[in-house]
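Input: a single structure, listed below in structure tokens.
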Amino acid sequence: MERSPRFFGVQIPAMLLVCFVCLSASSLAQRRQNTPAPTGPWMNSSLSPDERADLVLKDMTVDEKVALLHGVGMPTDDAVTPENAPSNRGVGYAVGVPRLGIPGIDMSDAAYGVRSSGVNGRYSTALPANVAAAASWDPDAAYEYGALIGRELRAQGFNMTLGGGVNITRDPRNGRTFEYLGEDPILAGTLVSKLIQGTQSAHVIGDIKHYALNDQESGRNSVNINISKRAARETDLLAFEIGVAEGHPSAVMCSYNRVNADFACENKYLLTDVLKKDWHFPGFVLSDWGGTHSTEKASAAGLDNEEPGSFFYGDRYKAALTAGKISTAELDEHVHRILRSMFAAGVIDFPRQRSVVDPFAGMETARKIEEGGIVLLKNEKAALPLNPAKLRTIAVIGAHSDVGMISGGGSAQVDPIGGNAILPPGKGATGWQQEIWFPTSPLKAIQARAPRASVKYDPGTDPAAAAALAKSADVAVVFAYMWASEGMDLKSLSLPHNQDDLIAAVTAANPHTIVVLETGNPVTMPWVNSPAAIVEAWFAGSDGANALGNILFGTVNPSGKLPNTFPRSESDLPHPTLTMPPPASERFSGPASREQWAAGLPPFQVTYDEGLKVGYKWYDAEKKTPLFPFGFGLSYTTYRYAGLQVTSGSKVKVTFTLANTGARAGAEIAEIYASLPATTQEPPKRLVGFSKVKLDAGAKQTVTVEIDPKYLSVFDEAKNAWTLVPGDYTIMVGGSSQDLPLKATINLK
Ligand code: BGC
């Protein structure tokens, strides 16, 4: 579904917020009075979710079953109707089984925080973008990330998240790169499972998306992705496989695009053969918004729930049942999956109950995650951390760094308190695909940490004026940003709005310049040799400026590493030019009717002929040197790796010592890669494990990481199975994909 501009409402101050919450909580309670508390035999919690689901199913009418297969529109945008009245005005609602006391499924987007809170008069925390959490390489932080989202969803009365984006970065221009967890399936899969576990710990139905291969936004509703089964299973699908196996999400959202000819939401290979059979996924599949394209085909392929409406899974579904085109067993299978997921996630045993979000706890979690995810890309002559005692004048330049920090757009957008920080108060409603700045001011954060320095700001719109200010200062901190959103891709990886020229001018005027990037995607840096330091702060969340301040002034030692390769230029990418959909006029001869739209736009083709070579695997195989490699990130201290031992058994065990050889405490992400036997025809190496280790200055620790055998295997299409190919495996350990000082070879049979 192409998304129309949306109005999210003007934010209101926190004091009013509490009243709003009370009012809406009481009216919600009233509206719910018609739904009896669940009392049936299925409330026996000693039974399994499957047994409980079957007991409910036995008592349901056909109409009730069909009602569970679809949403009732988008309460955010729609007028109040009897069907959507009990919802929380989120982006989706399925009615449940009111007669039996089974609650509705109340869904909200929540990629980096709960969406649409502003319009509902509520507050939610914006965590740093998901890609920043990925840059922390920290499973505990990912759990906290998910847990905060779960708590805030529940406090707002929702019982299902639509977060959990885990499409791997095949093309760094993808406008949703900030919503995902990087280019490596093992890193992304490991982190998404922790995120889901965290969210579901709050009795909220967890979801991972967009299944699968929705790796570009351009033409996402019509593109057909051509890819071999092996390449799909070992790259994008592996992230989902790990997410399903370890995160146990209750739901999986299928994506808009086609994969090898069939739309993902009616793709039997993806939904049934792989997800439900090979991975034993017991939960339900819901379509992305408007991503359902048929009734019988989708149902047979394994789509359990159409969102947000009922075009295919309402009356048409019932008609197909009556005509015998869909069997009762097939209907029951879908309903069973939805009900068992509700029991498994706890949304029936722990009904929705609104409370008030704790914004202070949220800010602290957001700050800590950002501190762990900021990546120090360059630091010549220890330009950082800044020493306030030595600074009399600081120039802060560009990217609205006087008032705020940018966030990622689309359905992930979180509403900032007080509205868009760069607009006058009251004019700050967030809109679909609009640049939204959070009121977290780097200028203030810097001034607070250097109270005796004169800190001056220049907007950076005139490079000459900015350079003049920089020249007069002891240090210049220049901010540059690249906004991105769902529903679009970047035209290029160059910083927009003349910011390359700005940085060139400022660094020419003052060599002691720190560049701070606020981006969700990799960017190219024609000026890379000029600044003293470069910091990637991503989309930094509600308390981004304090996190950044703590890194710039050394209260926190940077420990993030890149989850995506930064290329030198687009010409080094597997697809130097992004394939765009043909102009709309070539797709339909006139405006698309609802039926034409639903039936699907004619496809255009994108072929992933780079196959297994995604991200760093491409640069390794093609011998291209990136600007900054995958897994790279500096610290204010130094580390030494030594003493590698690799043993085989049921799992390969990798042991080594890691020492902090500098003068500051820090946290080092130790990365473990493997080269597979040449006969496998794999790219030169793959990440197979990692561990983030905290070390005091001078401390040393023995680290052991066990490698999942699947991570050393290849997907054998003929056997439809992961296979460990006998031969020599080289294990490499170090602090970046391009800096692996330890190496050992082991023979596996
Ligand atoms: C997005 C999903 C989102 C849904 C509901 C779709 O356009 O692709 O990620 O969850 O809308 O807002």
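Every chain in the structure tokens has a letter given in the order shown (A, B, ...), and although residue numbers restart at 1 in each chain, ligands are simply numbered from 1 in the order shown.
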Which residues form the shell of 7 Å around ligand 1 when you count only C-alpha atoms and all ligand atoms, given as a PDB file with C-alpha atoms, in the first residue's frame?
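Below you can see pocket.pdb, which holds the result:
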```pdb
ATOM      1  CA  MET A   1       0.000   0.000   0.000  1.00  0.00           C
ATOM      2  CA  ARG A   3       1.219   5.437   2.263  1.00  0.00           C
ATOM      3  CA  VAL A  91      -2.172   1.336  13.232  1.00  0.00           C
ATOM      4  CA  ASP A 109       4.328   0.283  15.177  1.00  0.00           C
ATOM      5  CA  LEU A 162       5.007  -4.227  14.796  1.00  0.00           C
ATOM      6  CA  GLY A 163       8.725  -3.767  15.427  1.00  0.00           C
ATOM      7  CA  HIS A 210       9.559  -7.803   6.680  1.00  0.00           C
ATOM      8  CA  ASP A 288       2.334  -5.923   5.757  1.00  0.00           C
ATOM      9  CA  TRP A 289      -0.234  -3.139   5.414  1.00  0.00           C
ATOM     10  CA  SER A 411       6.011   4.013  10.225  1.00  0.00           C
TER      11      SER A 411
END
```
Q: Find the spatial neighbours of Val515 (chain A), counting only C-alpha atoms, within a cut-off of 6 Å - ignore same-chain residues fewer than 3 positions away - and output them as a ChimeraX atom specification.
A: /A:477-479,534
Q) DSSP says helix (DSSP H, G or I) for which residues of region 81-200 of chain A? Put them as a count of residues only? A) 46
Q) Looking at A:Arg170, A:Lys710, A:Arg452, A:His512, which one is nearest to Ser472 (chain A), with distances taken over only C-alpha atoms? A) A:His512
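With only C-alpha atoms as the atoms that count, the residue of A:Glu610, A:Glu330, A:Glu306, A:Asp349 with the shortest distance to Ala67 (chain A) is A:Glu306.
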Q) If you count only C-alpha atoms, which residues fall within 9 Å of Trp279 (chain A), apart from same-chain ones fewer than 5 positions away, as a list in words? A)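 Surrounding residues, per the criterion: Glu241, Val244, Ala245, Asp273 and Val274 of chain A.
In this comparison, which uses only C-alpha atoms, the residue of A:Ile242, A:Ala37, A:Ala389, A:Ala670 approaching Trp137 (chain A) most closely is A:Ala670.
Note that the spacing between CA of Leu55 (chain A) and CA of Pro38 (chain A) amounts to 12.5 Å.
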Q.
Would you pick out the contacts of region 139-156 of chain A at 9 Å or less, using only C-alpha atoms, so that residues sharing its chain but fewer than 3 positions from it are not included, and give the list as a ChimeraX atom specification?
A. /A:21,88,108,110-114,117,122-125,127,130,133-134,136,159-161,163-164,190-206,352-358,361-362,365-366,368-369,372,692
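Of the listed residues A:Val725, A:Ala251, A:Val652, A:Met363, the one whose atoms come nearest to Ile746 (chain A) is A:Val652, with distances taken using only C-alpha atoms.
Look at Asp50 (chain A): the protein and nucleic acid residues within 12 Å of it, using only C-alpha atoms and passing over chain neighbours fewer than 6 places away, are Trp42, Val56, Leu57, Pro282, Gly283, Glu333, Val335, His336, Arg337, Ile338, Leu339, Arg340, Ser341, Met342, Phe343 and Ala344 of chain A.
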Q. Given the choices A:Ala232, A:Leu495, A:Ala261, A:Val693, which gets closest to Leu658 (chain A) if the distance is worked out from only C-alpha atoms?
A.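 Smallest separation from Leu658 (chain A) among the options: A:Val693.
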Q) Skipping near chain neighbours, those fewer than 4 positions away, what residues fall within 10 Å of Val223 (chain A) using only C-alpha atoms, listed as a ChimeraX atom specification? A) /A:214,216-219,256-259,261,263,579-581,601-606
Export N, CA and C atoms of the chosen residues as a compact mmCIF listing (two decimals), in the first residue's frame?
```txt
# COMPACT_ATOMS: atom_id res chain seq x y z
N ASN A 214 12.83 -7.79 1.47
CA ASN A 214 12.33 -6.43 1.23
C ASN A 214 13.52 -5.48 1.45
N GLN A 216 14.87 -3.19 -0.66
CA GLN A 216 14.83 -1.83 -1.19
C GLN A 216 13.40 -1.33 -1.07
N GLU A 217 13.27 -0.04 -0.91
CA GLU A 217 11.94 0.56 -0.76
C GLU A 217 11.37 0.97 -2.12
N SER A 218 12.24 1.31 -3.05
CA SER A 218 11.77 1.76 -4.37
C SER A 218 10.99 0.62 -5.03
N GLY A 219 9.73 0.88 -5.33
CA GLY A 219 8.91 -0.13 -5.99
C GLY A 219 8.66 -1.35 -5.13
N TYR A 256 5.98 -6.67 1.31
CA TYR A 256 5.23 -6.22 0.13
C TYR A 256 5.67 -6.88 -1.18
N ASN A 257 6.99 -7.11 -1.28
CA ASN A 257 7.59 -7.50 -2.57
C ASN A 257 7.27 -8.94 -2.97
N ARG A 258 7.59 -9.25 -4.22
CA ARG A 258 7.54 -10.64 -4.66
C ARG A 258 8.94 -11.26 -4.47
N VAL A 259 8.94 -12.57 -4.29
CA VAL A 259 10.21 -13.31 -4.25
C VAL A 259 10.09 -14.47 -5.23
N ALA A 261 8.86 -14.66 -8.13
CA ALA A 261 7.57 -14.58 -8.83
C ALA A 261 6.34 -14.40 -7.94
N PHE A 263 4.21 -12.99 -4.64
CA PHE A 263 4.23 -12.02 -3.54
C PHE A 263 4.60 -12.75 -2.24
N THR A 579 17.90 -0.40 -9.00
CA THR A 579 16.86 -0.59 -10.02
C THR A 579 15.57 0.04 -9.55
N MET A 580 15.06 0.96 -10.34
CA MET A 580 13.84 1.68 -9.96
C MET A 580 12.64 1.08 -10.70
N PRO A 581 11.44 1.22 -10.13
CA PRO A 581 10.25 0.74 -10.85
C PRO A 581 10.00 1.59 -12.08
N LEU A 601 0.48 -4.83 -8.50
CA LEU A 601 1.06 -4.10 -9.62
C LEU A 601 1.90 -5.06 -10.45
N PRO A 602 1.97 -4.82 -11.76
CA PRO A 602 2.84 -5.67 -12.58
C PRO A 602 4.28 -5.60 -12.07
N PRO A 603 4.97 -6.71 -12.11
CA PRO A 603 6.31 -6.73 -11.51
C PRO A 603 7.39 -6.07 -12.36
N PHE A 604 8.43 -5.59 -11.71
CA PHE A 604 9.70 -5.33 -12.39
C PHE A 604 10.76 -6.15 -11.66
N GLN A 605 11.84 -6.44 -12.38
CA GLN A 605 12.77 -7.46 -11.89
C GLN A 605 14.02 -6.87 -11.24
N VAL A 606 14.39 -7.44 -10.11
CA VAL A 606 15.70 -7.16 -9.51
C VAL A 606 16.33 -8.52 -9.22
```
Q: Go ahead and compute the interatomic distance for CA of Val72 (chain A) and CA of Ser310 (chain A), in Å to one decimal.
A: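 Interatomic distance, CA of Val72 (chain A) to CA of Ser310 (chain A): 6.8 Å.
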Q: Choose the residue, out of A:Glu296, A:Asp500, A:Asp708, A:Glu234, that has the smallest atom-to-atom separation from Pro683 (chain A); count only C-alpha atoms.
A: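 Answer, going by the shortest atom-to-atom distance: A:Glu234.
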Q: Please indicate the distance in Å from CA of Ser441 (chain A) to CA of Met525 (chain A), rounded to one decimal place.
A: 24.6 Å
